[in-house]
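Worksheet for the structure shown next.
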Amino acid sequence: MRVLSGIQPTGRFHWGNYFGAIKQYIDLQDNEQAFYFIADLHALTTIRNADRLRQNTMEAAIDLLALGLDPKQATLFRQSDVPEITELTWILMTVTQMSLLEKCHAYKDKKEKGIAADAGLFTYPVLMAADILLYDSDMVPVGQDQIQHVEVTRDLAQRFNNLFGETLTLPKSSVLDTSAKVPGIDGEKMSKSYRNVIEIFEDPKKQRKKIMSIKTDSATLEDPKDPDSCSVFALYKLFADETQQTELAARYRAGGMGYGEAKQAVHDAALEYFAPARERRAELSSDTDTLNDILAEGALKAREKGKEVLERVQSACGLGTARLSK
């Protein structure tokens, strides 16, 4: 079973990224053949600064490794280090119907809001399909809002196979467990677009300031409080074991505890939880040679599989270096 996922380097990872996706990606590497890439080609649709894109890409790789991705178990690489991806994208574009792309969320959302969409955004799902199909991926872990991308990929693979014969592997989506809601500092879903995130590796003092600014209700210190409706407690649950959760919930309901104390508990629990990752990140940040080697080795492995699939596709549709018959 080959698992594939890509992460855009559009900014530093936050708690929502980790508990909503990254943690589950890392868990999958233990029992599966995993390909994980930094989607820098995709990021070109939003990042227009070369230095920022390079820096974000390297920071994303360091973060993933620090958080537990093991290059001995999983293949980690930069998307742009595998040129086969762009050739497969073009081949798939020739069998992609415009009407299919017009239905895709990213394009529709911008169009409905009156925002101009460039060709990169419009054809984004085709590049994503190529990402998946180039490695004969069996399973793609995605959030509920990304299932459509896997469905588009299956549609394109089936269309190609119908035209040229059975060539491409049809992937299945594996919906990530998002039951552990990760609220931002405003109580809404944690998201960069809402500017309400708490970054995993930001300075502890800055992180504490953000946590202490989390919105709560107007209950006084003496008042009993409901842990089940409190975003501070929801964050605490991400880091605490069942005993710790039960103890803090009891203090909520008993009264006599202010939200400031609960917020401090979140900060302390998060620092302890990510402490090993912070140490690994510090080591990796000072060893760029090792990081570059990991990405280069990952790209070689990805290209080895990618070339195999691309040659199969080329042969099926009449491209490549096959000898002409007399």
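Residues are named by chain letter and number: chains run A, B, ... in the order of the structure tokens, numbers start at 1 in each chain, and ligands are numbered from 1 in the order shown.
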
All residues 8 Å or closer to segment 282-293 of chain A, only C-alpha atoms, same chain fewer than 3 positions away omitted, as number ranges by chain: A: 61-62, 66, 278-279, 296-297

Suppose we keep C-alpha atoms; can you now write the selection as an mmCIF file, in the first residue's frame?
```cif
data_model
loop_
_atom_site.group_PDB
_atom_site.id
_atom_site.type_symbol
_atom_site.label_atom_id
_atom_site.label_comp_id
_atom_site.auth_asym_id
_atom_site.auth_seq_id
_atom_site.Cartn_x
_atom_site.Cartn_y
_atom_site.Cartn_z
ATOM 1 C CA ALA A 61 11.157 20.048 5.401
ATOM 2 C CA ILE A 62 12.897 20.755 8.715
ATOM 3 C CA ALA A 66 11.575 17.412 13.545
ATOM 4 C CA ARG A 278 12.048 21.549 19.276
ATOM 5 C CA GLU A 279 15.350 19.865 20.147
ATOM 6 C CA ALA A 296 18.205 14.757 -2.666
ATOM 7 C CA GLU A 297 17.904 11.088 -1.740
#
```

List the neighbours of segment 149-166 of chain A out to 12 Å using only C-alpha atoms; skip same-chain residues closer than 6 positions along the sequence, and give me the result as a compact mmCIF listing (two decimals) with N, CA, C and O atoms, in the first residue's frame.
```
# COMPACT_ATOMS: atom_id res chain seq x y z
N LEU A 4 0.53 8.64 -0.36
CA LEU A 4 1.15 9.88 -0.84
C LEU A 4 0.42 11.09 -0.30
O LEU A 4 -0.81 11.11 -0.22
N SER A 5 1.19 12.09 0.08
CA SER A 5 0.59 13.37 0.47
C SER A 5 1.59 14.49 0.23
O SER A 5 2.81 14.29 0.32
N LEU A 88 3.96 14.69 -16.90
CA LEU A 88 2.71 13.95 -16.71
C LEU A 88 1.53 14.90 -16.62
O LEU A 88 0.44 14.60 -17.12
N THR A 89 1.75 16.06 -16.01
CA THR A 89 0.67 17.05 -15.91
C THR A 89 0.19 17.45 -17.30
O THR A 89 -1.02 17.51 -17.55
N ILE A 91 0.43 15.75 -20.12
CA ILE A 91 -0.26 14.63 -20.77
C ILE A 91 -1.69 14.51 -20.24
O ILE A 91 -2.64 14.32 -21.00
N LEU A 92 -1.84 14.67 -18.93
CA LEU A 92 -3.18 14.60 -18.34
C LEU A 92 -4.04 15.78 -18.78
O LEU A 92 -5.26 15.64 -18.94
N MET A 93 -3.42 16.94 -18.99
CA MET A 93 -4.18 18.11 -19.45
C MET A 93 -4.85 17.83 -20.79
O MET A 93 -5.95 18.34 -21.06
N THR A 94 -4.21 17.02 -21.62
CA THR A 94 -4.77 16.77 -22.95
C THR A 94 -6.01 15.88 -22.90
O THR A 94 -6.71 15.77 -23.91
N VAL A 95 -6.27 15.26 -21.76
CA VAL A 95 -7.48 14.44 -21.64
C VAL A 95 -8.44 15.00 -20.59
O VAL A 95 -9.42 14.36 -20.23
N THR A 96 -8.15 16.21 -20.10
CA THR A 96 -8.98 16.83 -19.06
C THR A 96 -10.03 17.74 -19.69
O THR A 96 -9.71 18.62 -20.49
N GLN A 97 -11.27 17.53 -19.34
CA GLN A 97 -12.36 18.35 -19.86
C GLN A 97 -12.47 19.66 -19.06
O GLN A 97 -12.37 19.65 -17.83
N MET A 98 -12.68 20.75 -19.76
CA MET A 98 -12.80 22.05 -19.12
C MET A 98 -13.92 22.05 -18.08
O MET A 98 -13.80 22.63 -17.01
N SER A 99 -15.01 21.38 -18.41
CA SER A 99 -16.17 21.38 -17.51
C SER A 99 -15.83 20.77 -16.16
O SER A 99 -16.39 21.17 -15.13
N LEU A 100 -14.89 19.81 -16.15
CA LEU A 100 -14.49 19.19 -14.89
C LEU A 100 -13.76 20.20 -14.01
O LEU A 100 -14.03 20.31 -12.80
N LEU A 101 -12.85 20.96 -14.61
CA LEU A 101 -12.07 21.94 -13.84
C LEU A 101 -12.94 23.10 -13.37
O LEU A 101 -12.69 23.67 -12.30
N GLU A 102 -13.95 23.45 -14.15
CA GLU A 102 -14.83 24.56 -13.77
C GLU A 102 -15.65 24.24 -12.52
O GLU A 102 -16.15 25.13 -11.86
N LYS A 103 -15.77 22.95 -12.19
CA LYS A 103 -16.54 22.53 -11.02
C LYS A 103 -15.68 22.46 -9.75
O LYS A 103 -16.21 22.27 -8.66
N CYS A 104 -14.38 22.60 -9.88
CA CYS A 104 -13.48 22.41 -8.73
C CYS A 104 -13.57 23.59 -7.77
O CYS A 104 -13.70 24.75 -8.18
N HIS A 105 -13.47 23.27 -6.48
CA HIS A 105 -13.74 24.25 -5.41
C HIS A 105 -12.90 25.51 -5.49
O HIS A 105 -13.43 26.62 -5.41
N ALA A 106 -11.57 25.36 -5.61
CA ALA A 106 -10.68 26.52 -5.54
C ALA A 106 -11.03 27.54 -6.61
O ALA A 106 -11.11 28.75 -6.34
N THR A 123 -5.93 25.06 -13.40
CA THR A 123 -5.45 23.71 -13.72
C THR A 123 -4.77 23.03 -12.52
O THR A 123 -4.22 21.94 -12.65
N TYR A 124 -4.85 23.65 -11.38
CA TYR A 124 -4.28 23.12 -10.14
C TYR A 124 -4.66 21.65 -9.90
O TYR A 124 -3.81 20.83 -9.54
N PRO A 125 -5.94 21.26 -10.11
CA PRO A 125 -6.32 19.87 -9.87
C PRO A 125 -5.59 18.86 -10.77
O PRO A 125 -5.44 17.70 -10.40
N VAL A 126 -5.16 19.30 -11.95
CA VAL A 126 -4.46 18.39 -12.85
C VAL A 126 -3.05 18.12 -12.33
O VAL A 126 -2.58 16.98 -12.36
N LEU A 127 -2.39 19.16 -11.85
CA LEU A 127 -1.08 18.97 -11.24
C LEU A 127 -1.20 18.07 -10.01
O LEU A 127 -0.37 17.19 -9.77
N MET A 128 -2.26 18.27 -9.24
CA MET A 128 -2.47 17.43 -8.07
C MET A 128 -2.71 15.98 -8.48
O MET A 128 -2.22 15.05 -7.83
N ALA A 129 -3.45 15.78 -9.54
CA ALA A 129 -3.68 14.43 -10.04
C ALA A 129 -2.37 13.78 -10.48
O ALA A 129 -2.11 12.60 -10.20
N ALA A 130 -1.53 14.57 -11.15
CA ALA A 130 -0.22 14.04 -11.57
C ALA A 130 0.62 13.68 -10.35
O ALA A 130 1.33 12.66 -10.35
N ASP A 131 0.56 14.50 -9.31
CA ASP A 131 1.28 14.19 -8.07
C ASP A 131 0.92 12.79 -7.57
O ASP A 131 1.78 12.03 -7.13
N ILE A 132 -0.35 12.49 -7.61
CA ILE A 132 -0.85 11.23 -7.06
C ILE A 132 -0.54 10.06 -7.99
O ILE A 132 -0.06 9.00 -7.57
N LEU A 133 -0.78 10.25 -9.28
CA LEU A 133 -0.67 9.16 -10.24
C LEU A 133 0.77 8.80 -10.58
O LEU A 133 1.05 7.66 -10.96
N LEU A 134 1.69 9.74 -10.44
CA LEU A 134 3.09 9.50 -10.85
C LEU A 134 3.76 8.41 -10.03
O LEU A 134 4.74 7.81 -10.46
N ASP A 136 2.03 5.71 -8.58
CA ASP A 136 1.12 4.58 -8.40
C ASP A 136 0.55 4.56 -6.99
O ASP A 136 0.48 3.52 -6.33
N SER A 137 0.14 5.72 -6.52
CA SER A 137 -0.36 5.84 -5.15
C SER A 137 -1.67 5.07 -4.98
O SER A 137 -2.57 5.16 -5.80
N ASP A 138 -1.74 4.30 -3.89
CA ASP A 138 -2.95 3.55 -3.58
C ASP A 138 -3.88 4.35 -2.68
O ASP A 138 -5.10 4.30 -2.83
N MET A 139 -3.29 5.11 -1.74
CA MET A 139 -4.10 5.82 -0.76
C MET A 139 -3.59 7.25 -0.58
O MET A 139 -2.38 7.48 -0.52
N VAL A 140 -4.53 8.17 -0.51
CA VAL A 140 -4.19 9.58 -0.33
C VAL A 140 -4.95 10.09 0.89
O VAL A 140 -6.17 10.26 0.85
N PRO A 141 -4.25 10.34 2.01
CA PRO A 141 -4.94 10.88 3.18
C PRO A 141 -5.29 12.34 2.96
O PRO A 141 -4.42 13.16 2.66
N VAL A 142 -6.56 12.68 3.10
CA VAL A 142 -7.03 14.05 2.85
C VAL A 142 -8.08 14.44 3.88
O VAL A 142 -8.69 13.59 4.53
N GLY A 143 -8.28 15.74 4.00
CA GLY A 143 -9.37 16.24 4.81
C GLY A 143 -10.68 16.12 4.03
O GLY A 143 -10.66 15.92 2.81
N LYS A 172 -7.38 5.67 -3.83
CA LYS A 172 -8.52 5.85 -2.94
C LYS A 172 -8.17 6.93 -1.92
O LYS A 172 -7.02 7.06 -1.53
N SER A 173 -9.18 7.68 -1.51
CA SER A 173 -8.95 8.69 -0.48
C SER A 173 -9.14 8.07 0.89
O SER A 173 -9.96 7.18 1.07
N SER A 174 -8.34 8.52 1.83
CA SER A 174 -8.49 8.12 3.23
C SER A 174 -8.75 9.40 4.01
O SER A 174 -7.86 10.25 4.13
N VAL A 175 -9.97 9.57 4.49
CA VAL A 175 -10.33 10.82 5.15
C VAL A 175 -9.68 10.89 6.52
O VAL A 175 -9.84 9.98 7.34
N ARG A 312 5.56 4.36 -18.83
CA ARG A 312 4.38 3.54 -19.09
C ARG A 312 3.30 4.39 -19.76
O ARG A 312 2.65 3.96 -20.72
N VAL A 313 3.13 5.62 -19.26
CA VAL A 313 2.14 6.54 -19.81
C VAL A 313 2.54 6.96 -21.22
O VAL A 313 1.70 6.99 -22.14
N GLN A 314 3.81 7.31 -21.40
CA GLN A 314 4.29 7.73 -22.72
C GLN A 314 4.07 6.63 -23.76
O GLN A 314 3.60 6.89 -24.88
N SER A 315 4.42 5.42 -23.39
CA SER A 315 4.26 4.30 -24.31
C SER A 315 2.79 4.09 -24.67
O SER A 315 2.45 3.84 -25.83
N ALA A 316 1.93 4.24 -23.66
CA ALA A 316 0.50 4.00 -23.89
C ALA A 316 -0.10 5.00 -24.87
O ALA A 316 -0.95 4.63 -25.70
N CYS A 317 0.34 6.27 -24.80
CA CYS A 317 -0.30 7.28 -25.65
C CYS A 317 0.53 7.65 -26.89
O CYS A 317 0.16 8.56 -27.62
N GLY A 318 1.65 6.94 -27.12
CA GLY A 318 2.39 7.14 -28.36
C GLY A 318 3.57 8.05 -28.29
O GLY A 318 4.12 8.44 -29.33
N LEU A 319 4.00 8.41 -27.07
CA LEU A 319 5.19 9.24 -26.92
C LEU A 319 6.40 8.36 -26.59
O LEU A 319 6.27 7.15 -26.41
```

Apply DSSP to the structure's backbone, then extract all residues of segment 127-239 of chain A labelled alpha helix (DSSP H) and return them as a ChimeraX atom specification. /A:127-133,147-164,204-212,231-239

May I have the selected residues written with N, CA and C atoms, as a CSV table (one decimal), in the first residue's frame?
```csv
chain,number,residue,atom,x,y,z
A,127,LEU,N,-2.4,19.2,-11.8
A,127,LEU,CA,-1.1,19.0,-11.2
A,127,LEU,C,-1.2,18.1,-10.0
A,128,MET,N,-2.3,18.3,-9.2
A,128,MET,CA,-2.5,17.4,-8.1
A,128,MET,C,-2.7,16.0,-8.5
A,129,ALA,N,-3.4,15.8,-9.5
A,129,ALA,CA,-3.7,14.4,-10.0
A,129,ALA,C,-2.4,13.8,-10.5
A,130,ALA,N,-1.5,14.6,-11.1
A,130,ALA,CA,-0.2,14.0,-11.6
A,130,ALA,C,0.6,13.7,-10.3
A,131,ASP,N,0.6,14.5,-9.3
A,131,ASP,CA,1.3,14.2,-8.1
A,131,ASP,C,0.9,12.8,-7.6
A,132,ILE,N,-0.3,12.5,-7.6
A,132,ILE,CA,-0.9,11.2,-7.1
A,132,ILE,C,-0.5,10.1,-8.0
A,133,LEU,N,-0.8,10.3,-9.3
A,133,LEU,CA,-0.7,9.2,-10.2
A,133,LEU,C,0.8,8.8,-10.6
A,147,ILE,N,-11.6,15.8,-0.6
A,147,ILE,CA,-12.0,14.5,-1.3
A,147,ILE,C,-12.2,14.8,-2.8
A,148,GLN,N,-12.7,15.9,-3.1
A,148,GLN,CA,-12.9,16.2,-4.6
A,148,GLN,C,-11.6,16.1,-5.4
A,149,HIS,N,-10.5,16.4,-4.8
A,149,HIS,CA,-9.2,16.3,-5.6
A,149,HIS,C,-8.9,14.9,-5.9
A,150,VAL,N,-9.2,14.0,-5.0
A,150,VAL,CA,-8.9,12.6,-5.3
A,150,VAL,C,-10.0,12.0,-6.3
A,151,GLU,N,-11.2,12.5,-6.2
A,151,GLU,CA,-12.2,12.1,-7.2
A,151,GLU,C,-11.8,12.6,-8.6
A,152,VAL,N,-11.3,13.8,-8.7
A,152,VAL,CA,-10.8,14.3,-10.0
A,152,VAL,C,-9.7,13.5,-10.5
A,153,THR,N,-8.8,13.1,-9.7
A,153,THR,CA,-7.7,12.3,-10.0
A,153,THR,C,-8.2,10.9,-10.6
A,154,ARG,N,-9.1,10.3,-9.9
A,154,ARG,CA,-9.7,9.1,-10.4
A,154,ARG,C,-10.4,9.3,-11.8
A,155,ASP,N,-11.1,10.4,-11.9
A,155,ASP,CA,-11.8,10.7,-13.2
A,155,ASP,C,-10.7,10.7,-14.3
A,156,LEU,N,-9.6,11.4,-14.1
A,156,LEU,CA,-8.6,11.6,-15.1
A,156,LEU,C,-7.9,10.3,-15.4
A,157,ALA,N,-7.6,9.5,-14.4
A,157,ALA,CA,-7.0,8.2,-14.6
A,157,ALA,C,-7.9,7.3,-15.4
A,158,GLN,N,-9.2,7.3,-15.1
A,158,GLN,CA,-10.1,6.4,-15.8
A,158,GLN,C,-10.3,6.9,-17.2
A,159,ARG,N,-10.3,8.2,-17.5
A,159,ARG,CA,-10.4,8.7,-18.8
A,159,ARG,C,-9.2,8.3,-19.7
A,160,PHE,N,-8.0,8.4,-19.0
A,160,PHE,CA,-6.8,8.1,-19.8
A,160,PHE,C,-6.8,6.6,-20.0
A,161,ASN,N,-7.1,5.8,-19.0
A,161,ASN,CA,-7.2,4.3,-19.2
A,161,ASN,C,-8.2,3.9,-20.3
A,162,ASN,N,-9.3,4.6,-20.3
A,162,ASN,CA,-10.3,4.3,-21.4
A,162,ASN,C,-9.8,4.6,-22.8
A,163,LEU,N,-9.0,5.6,-22.9
A,163,LEU,CA,-8.5,6.0,-24.2
A,163,LEU,C,-7.3,5.2,-24.6
A,164,PHE,N,-6.5,4.9,-23.7
A,164,PHE,CA,-5.2,4.3,-24.1
A,164,PHE,C,-4.9,2.9,-23.4
A,204,PRO,N,8.6,30.7,22.5
A,204,PRO,CA,7.7,30.4,23.6
A,204,PRO,C,7.0,31.6,24.3
A,205,LYS,N,7.7,32.7,24.4
A,205,LYS,CA,7.1,33.9,24.9
A,205,LYS,C,6.0,34.4,24.0
A,206,LYS,N,6.3,34.4,22.7
A,206,LYS,CA,5.3,34.9,21.8
A,206,LYS,C,4.1,33.9,21.8
A,207,GLN,N,4.4,32.6,21.9
A,207,GLN,CA,3.3,31.6,21.9
A,207,GLN,C,2.4,31.8,23.1
A,208,ARG,N,3.0,32.1,24.3
A,208,ARG,CA,2.3,32.2,25.5
A,208,ARG,C,1.4,33.5,25.4
A,209,LYS,N,1.9,34.5,24.8
A,209,LYS,CA,1.1,35.8,24.6
A,209,LYS,C,-0.1,35.5,23.8
A,210,LYS,N,0.0,34.7,22.7
A,210,LYS,CA,-1.1,34.3,21.9
A,210,LYS,C,-2.1,33.5,22.7
A,211,ILE,N,-1.6,32.5,23.4
A,211,ILE,CA,-2.5,31.7,24.2
A,211,ILE,C,-3.3,32.5,25.2
A,212,MET,N,-2.6,33.4,25.9
A,212,MET,CA,-3.3,34.2,26.9
A,212,MET,C,-4.3,35.2,26.3
A,231,SER,N,-13.0,26.8,24.2
A,231,SER,CA,-11.9,26.5,23.3
A,231,SER,C,-10.5,26.3,24.0
A,232,VAL,N,-10.4,26.9,25.1
A,232,VAL,CA,-9.1,26.7,25.9
A,232,VAL,C,-9.0,25.3,26.3
A,233,PHE,N,-10.1,24.7,26.8
A,233,PHE,CA,-10.1,23.3,27.2
A,233,PHE,C,-9.9,22.4,26.0
A,234,ALA,N,-10.5,22.8,24.9
A,234,ALA,CA,-10.4,22.0,23.6
A,234,ALA,C,-8.9,21.9,23.2
A,235,LEU,N,-8.2,23.0,23.4
A,235,LEU,CA,-6.7,22.9,23.1
A,235,LEU,C,-6.0,22.1,24.1
A,236,TYR,N,-6.3,22.2,25.3
A,236,TYR,CA,-5.7,21.4,26.4
A,236,TYR,C,-5.8,19.9,26.1
A,237,LYS,N,-6.9,19.5,25.6
A,237,LYS,CA,-7.2,18.1,25.4
A,237,LYS,C,-6.2,17.5,24.3
A,238,LEU,N,-5.7,18.4,23.4
A,238,LEU,CA,-4.8,17.9,22.4
A,238,LEU,C,-3.5,17.4,23.0
A,239,PHE,N,-3.1,18.0,24.1
A,239,PHE,CA,-1.8,17.7,24.7
A,239,PHE,C,-1.9,16.8,26.0
```

Hey, which of A:Gln73, A:Ser193, A:Gln55, A:Thr46 ends up closest to Ile26 of chain A? Count only C-alpha atoms. A:Gln73

Strand (DSSP E) positions in segment 66-235 of chain A, given as JSON, numbers by chain: {"A": [74, 75, 76, 77, 78, 139, 140, 141, 142, 172, 173, 174, 175]}

So that I have them on file, write out the residues from the current selection with C-alpha atoms, as a compact mmCIF listing (two decimals), in the first residue's frame.
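The result, stored in result.txt:
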```txt
# COMPACT_ATOMS: atom_id res chain seq x y z
CA ALA A 74 9.19 7.58 4.28
CA THR A 75 10.36 9.34 1.13
CA LEU A 76 10.57 13.12 1.61
CA PHE A 77 11.28 15.35 -1.37
CA ARG A 78 10.66 18.69 -3.07
CA MET A 139 -4.10 5.82 -0.76
CA VAL A 140 -4.19 9.58 -0.33
CA PRO A 141 -4.94 10.88 3.18
CA VAL A 142 -7.03 14.05 2.85
CA LYS A 172 -8.52 5.85 -2.94
CA SER A 173 -8.95 8.69 -0.48
CA SER A 174 -8.49 8.12 3.23
CA VAL A 175 -10.33 10.82 5.15
```

Check the smallest atom-to-atom distance from each of A:Leu41, A:Ala60, A:Gln264, A:Thr246 to Gly120 of chain A using only C-alpha atoms, then report the winner. A:Leu41
